[in-house]
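Colleague: Sharing a structure with you now.
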Protein chains: 2
Amino acid sequence: MGDAGSGRRRKWWGWGYEGEGLSDDEVGRLAQMLGPRFGVDASRRTPPDPADLGLPPPRVRPHRALAGIAADDPASRASHAYGCSYRDVVRALRGEMPHPPDLVLAPRSEAEVASVLDWCTEERLAAIPYGGGTSVVGGVEPDVGDGFAGCVSVDLGALSQVREVDALSLAARIEAGALGPSLEADLRPRGLTLRHFPQSFECSTLGGWIATRAGGHFATGPTHIDDLVEGLRVVTPAGLVETRRLPGSGAGPSPDRLFIGSEGALGIVTEAWVRVRRRPRWRAGGAARFATFELGAEGLRALAQSGLMPANCRLVDPVEALVNGAGDGSSALLIVGFESAEHPLDAWAEIAAECVRDHAGVIDEGSWGARDDGQGSTIGASPGRAPGAQGSSGSAAPEAWRSSFIRAPYMRDALVTLGMFCDTFETAVTWDRFSELHSAVVKAAGAALAATGASTGFVTCRITHVYPDGPAPYFTVMAPASSGAELEQWGTLKAAISDAMLAAGGTITHHHAVGRDHRTWYDRQRPDLFAEALRGAKEALDPAGICNPGVLIDPLSL
Amino acid sequence: MGDAGSGRRRKWWGWGYEGEGLSDDEVGRLAQMLGPRFGVDASRRTPPDPADLGLPPPRVRPHRALAGIAADDPASRASHAYGCSYRDVVRALRGEMPHPPDLVLAPRSEAEVASVLDWCTEERLAAIPYGGGTSVVGGVEPDVGDGFAGCVSVDLGALSQVREVDALSLAARIEAGALGPSLEADLRPRGLTLRHFPQSFECSTLGGWIATRAGGHFATGPTHIDDLVEGLRVVTPAGLVETRRLPGSGAGPSPDRLFIGSEGALGIVTEAWVRVRRRPRWRAGGAARFATFELGAEGLRALAQSGLMPANCRLVDPVEALVNGAGDGSSALLIVGFESAEHPLDAWAEIAAECVRDHAGVIDEGSWGARDDGQGSTIGASPGRAPGAQGSSGSAAPEAWRSSFIRAPYMRDALVTLGMFCDTFETAVTWDRFSELHSAVVKAAGAALAATGASTGFVTCRITHVYPDGPAPYFTVMAPASSGAELEQWGTLKAAISDAMLAAGGTITHHHAVGRDHRTWYDRQRPDLFAEALRGAKEALDPAGICNPGVLIDPLSL
């Protein structure tokens, strides 16, 4: 959980690093701002010391051969018990931790990963892979039921190197435990970048992205990590799977695609060949305003269907733009960005501007344009500085939006300590049903807020990714938390919003994975027979059923 | 096997439609041209009448409920016994047909597909889905071993409609048996197109493309049908699988990707929602020459890594350009084409030309440029006219190349009747190993030609698709056939070339699927444990193991 060499320590109870994020003064101002509307008081909840959590003693001692990579102290166990969801932060602040892992094992090699799975198979211990611990869906939580003798969190942090770079093919072999900033730092001297920048970039890992089908930086085109994987190595209880590095293939169903998104249920990804690119030099785009979110969505659809493939193409509704300091609440904000390492982008900026104007958008003339950075950009250049949207502008709106994007997870933690409910709900849906889905979610969220006594709360929407056939809308709900009943309130909102998403044809997740929190809706969404097929595959690869039991399918009964 | 309403009849023994392709005069001129070099005589082999094949009587009679969709006459059985590979044509011309299907069943609805699979499961009959019958890898051949009471070819030709169009999301719901020209004809009045144009376009079907992960028109980007599938319906012996229409999702491993490329081994695709696009209006690009194929490959790599995403980007080696009438044999030919329904492409053409010149390419100035077709193009507009590369030019080279592309399969049949060996071998590999692979294949093919007494033969190469991380090279071998030992000669060449491709890091197929012909190399390429996982999935979906047994994995032993 440390950041090797940096001296920084990850918070055990929420997002990011200790001592980073909002200052006490900033939190104080936040409390003053929120107080009048939401009735929150200024007293902050503070997390307990892990030593005071009263964790049950570990049910298992590590095998002798694994003792050197094992930890069972309360701090290690507590920091591997939860991800970074609202629900996780609430429970951590309360000091509730009924299902900590018995042990944390941190293998230093692929062989040690195999030894860990062998031992877990022998002893019937659930093995949960742990990358950066940023799951917001209960994906790393050891809540595996009673069928196991114990539970081990397998921390991949020691496997963090860029092992090989193929500059001709623009590909790199990278270990699964590499954090975003670390792998970018290793690629930078070669002029290369993976450019996979989920909001969790600072604290999440390549292996975690692959296991969860993470969505990255690109708002259009190859944004899911799926498209960036050229080949994989996965350790399963039955042995090693290594797929061939291939730019494209038609030889049977893709082996990579079976493991991408498998959330640890089939084994542990140890490394991957991924497609990288040259660091961008040219940028273009800017900001635009639309009178309503609906009109903005029409403009966004036109851009998504234009074939221009902007790297960034996001639409923020009027209220969210206001909350983020990127607007006055009177209009929806569109951010469009192009980038290239190879050629100027003037034509792209011009055609995109025309497209925006054709759809009643008003270009922010001060922001719009194309530029040549010459030596490459500094965005995303320093480890620990999460790159967000590429607004390519000198105007205030995109900069404010970017800053807000980077700070959002820290802000969320601060809000929770102030007694606010704050969570996000994301999906993707085809264009023909988007308007229906948007209305249904807003209505369902409003009703759920009212039902939980939080009718002063509000729901906003931005579209984070966009495809020719549909957008990926991302809803944020903020409200006063139901003190003492935060989890029930969360459950009410989660169910109402998820039901609405599914009913309107959406997916339960565009880029946050299924984990334990989304199982109910995932089970309704995916074909039953696909679950049976997946179970058949799992029985072949993990006959004892020890790999992250309970995600995607029910634990195997032996 | 007919083309509904057109009155045309498919040839039972090779490519295309009866009475189409090369005229007798053209074949005569071909024989005269080839005679001196290859020693072939002008006497043509002609196919026997199916009634004279001496097929064994069907081992099974159709279930009463299926009698209305069943055929067991020799012509129906013969036309479903083979695909369209060199080996298939040789065997058909010889009248060798040891494994015809016992029956051809042509379900008229998804429910009838389910009834067929139910009946096959009960009676232990192998069920082989049949789309257009254009497999070149033995994918539809009923050579299923002795473990079955019979074998049924399930012809999807009656399921050929475009069922629904979502013009907002640019998607269409299309039945699996729709032929390329037919589905394009249905989309055209709405200004839409799927633009999936494999060389087999005229005679292949959507379901076949999905079952085989076919590669299409686009030379870069989303060329595999994989990327065009938004949602699927698959009938398996265990029941119906329907995936949700989604523009993107991160909910577990992709269900679609398990079925895409499954070659009928998991069930039968009955329909799909696919991503369509507006018909292009603007085009740009042209032809260029490079002194050598190697230099051309460098230019091609630069274009593939430029982010420009040309729709067409193909490189033909000097000899193949000569053979196709698109060059004098002194230089490699590059064809680049951009297309858009949304905006002019002048900037794309200019930047691509600069990229070509930077890599020592010589632009064919007469061909290069950008144009506005105004009302949309006629390329691919008439059913039965297979669209090929989009050369967007007035020069002779791209036109000659396109004509050659469209006529190639007919030409292949003519060559075989003249006693020529003519086959193609395709793969994909990362750029760092491309040169090694190219040399190894040329050397292996040369040695195999010499060993089979065909040292006057030759091997050429074109790159048909290209990715940032590697090309998909496509080798053509032409030589005098070993009269009476054509299959042994084919086996020698196939093994030598496939071994070389695998050893150099390539895939056994970029876009022709595995079928029965590629199993040996597929088994070496794919991880063993992936085969076990696939077997686990098959046991769940097809417990009796009746779905196209022997493709991808060995038949289930019951």
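In the structure tokens, chains take the letters A, B, ... in the order shown, each chain's residues start at 1, and ligands count up from 1 in the order shown.
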Tell me as number ranges by chain which residues belonging to chain B come within 6 Å of chain A, counting only C-alpha atoms.
Modeller: B: 168-170, 213, 241, 246-247, 249-253, 258, 260-262, 306, 342, 429-432, 469-470, 509-511, 513-514, 527, 532-533, 536-537, 540
Colleague: Within 8 Å of A:Ala504, counting only C-alpha atoms, which residues show up once you throw out same-chain ones fewer than 4 positions away? Write them as a PDB file with N, CA and C atoms, in the first residue's frame, please.
Modeller:
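Just written: out_24.pdb:
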```pdb
ATOM      1  N   ARG A 433     -32.285   5.230 -26.596  1.00  0.00           N
ATOM      2  CA  ARG A 433     -32.895   5.126 -25.274  1.00  0.00           C
ATOM      3  C   ARG A 433     -32.256   6.060 -24.244  1.00  0.00           C
ATOM      4  N   GLU A 436     -34.703   8.582 -22.426  1.00  0.00           N
ATOM      5  CA  GLU A 436     -35.551   7.815 -21.498  1.00  0.00           C
ATOM      6  C   GLU A 436     -34.758   7.402 -20.250  1.00  0.00           C
ATOM      7  N   LEU A 437     -33.537   6.929 -20.464  1.00  0.00           N
ATOM      8  CA  LEU A 437     -32.719   6.497 -19.327  1.00  0.00           C
ATOM      9  C   LEU A 437     -32.387   7.671 -18.424  1.00  0.00           C
ATOM     10  N   ALA A 440     -35.388   8.661 -16.445  1.00  0.00           N
ATOM     11  CA  ALA A 440     -35.753   7.634 -15.462  1.00  0.00           C
ATOM     12  C   ALA A 440     -34.810   7.644 -14.268  1.00  0.00           C
ATOM     13  N   ALA A 500     -33.580   1.504 -12.572  1.00  0.00           N
ATOM     14  CA  ALA A 500     -33.955   2.404 -13.667  1.00  0.00           C
ATOM     15  C   ALA A 500     -33.013   2.241 -14.852  1.00  0.00           C
TER      16      ALA A 500
END
```
Colleague: What's the separation between atom CA of B:Pro318 and atom CA of B:Leu502, in Å to one decimal place?
Modeller: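 According to the coordinates, atom CA of B:Pro318 and atom CA of B:Leu502 are separated by 25.2 Å.
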Colleague: Mind the document's chain letters and residue numbers, and return as a compact mmCIF listing (two decimals) with C-alpha atoms, in the first residue's frame the residues of stretch 2-129 of chain A that DSSP labels strand (DSSP E or B).
Modeller:
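As a result, part.txt now contains:
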```txt
# COMPACT_ATOMS: atom_id res chain seq x y z
CA GLY A 2 3.00 2.30 0.07
CA ARG A 9 1.43 6.21 2.44
CA ARG A 10 -2.00 5.28 1.14
CA TYR A 17 -2.52 9.32 0.15
CA ALA A 70 2.89 -12.25 4.50
CA ALA A 71 1.45 -9.63 6.81
CA LEU A 103 -3.61 -12.38 5.65
CA VAL A 104 -2.12 -10.08 3.07
CA LEU A 105 0.38 -11.84 0.80
CA LEU A 125 -8.65 -20.17 1.26
CA ALA A 126 -10.34 -17.55 -0.87
CA ALA A 127 -7.72 -15.57 -2.82
CA ILE A 128 -8.62 -12.01 -3.79
CA PRO A 129 -6.25 -10.13 -6.08
```
Colleague: List the neighbours of stretch 37-45 of chain A out to 6 Å using only C-alpha atoms; skip same-chain residues closer than 3 positions along the sequence, and give me the result as a ChimeraX atom specification.
Modeller: /A:31,34,417-418,480
Colleague: How about saving the chosen residues, N, CA, C and O atoms kept, as a compact mmCIF listing (two decimals), in the first residue's frame?
Modeller:
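This went into result.txt:
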```txt
# COMPACT_ATOMS: atom_id res chain seq x y z
N ALA A 31 -17.74 22.93 4.55
CA ALA A 31 -18.80 22.75 5.54
C ALA A 31 -19.67 24.00 5.63
O ALA A 31 -20.90 23.91 5.69
N LEU A 34 -21.92 24.12 2.53
CA LEU A 34 -22.96 23.10 2.45
C LEU A 34 -23.99 23.24 3.57
O LEU A 34 -25.16 22.86 3.40
N THR A 417 -16.87 12.69 5.42
CA THR A 417 -16.53 13.01 6.82
C THR A 417 -17.42 14.12 7.37
O THR A 417 -17.58 14.25 8.57
N LEU A 418 -18.00 14.91 6.46
CA LEU A 418 -18.92 15.98 6.91
C LEU A 418 -20.36 15.50 7.01
O LEU A 418 -21.27 16.29 7.28
N PRO A 480 -27.68 15.23 2.00
CA PRO A 480 -27.32 14.96 3.39
C PRO A 480 -27.47 13.47 3.67
O PRO A 480 -28.47 12.86 3.28
```
Colleague: What does the distance from atom CA of A:Val229 to atom CA of A:Pro549 come to in Å, to one decimal?
Modeller: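 A separation of 25.0 Å between them.
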Colleague: I'd like the contact shell of A:Leu93 - 12 Å cut-off, only C-alpha atoms, skipping same-chain residues fewer than 5 positions apart - returned as a list in words.
Modeller: Lys11, Trp12, Trp13, Gly14, Arg44, Arg45, Thr46, Pro47, Pro48, Asp49, Pro50, Asp52, Leu53, Ala78, Tyr82, Tyr86, Arg87, Asp88, Asp413, Ala414, Val416, Thr417, Leu418, Gly419, Gly484 and Glu486 of chain A
Colleague: Just to confirm, what's the straight-line distance from atom CA of A:Asp523 to atom CA of A:Asp499 in Å (one decimal)?
Modeller: 12.2 Å
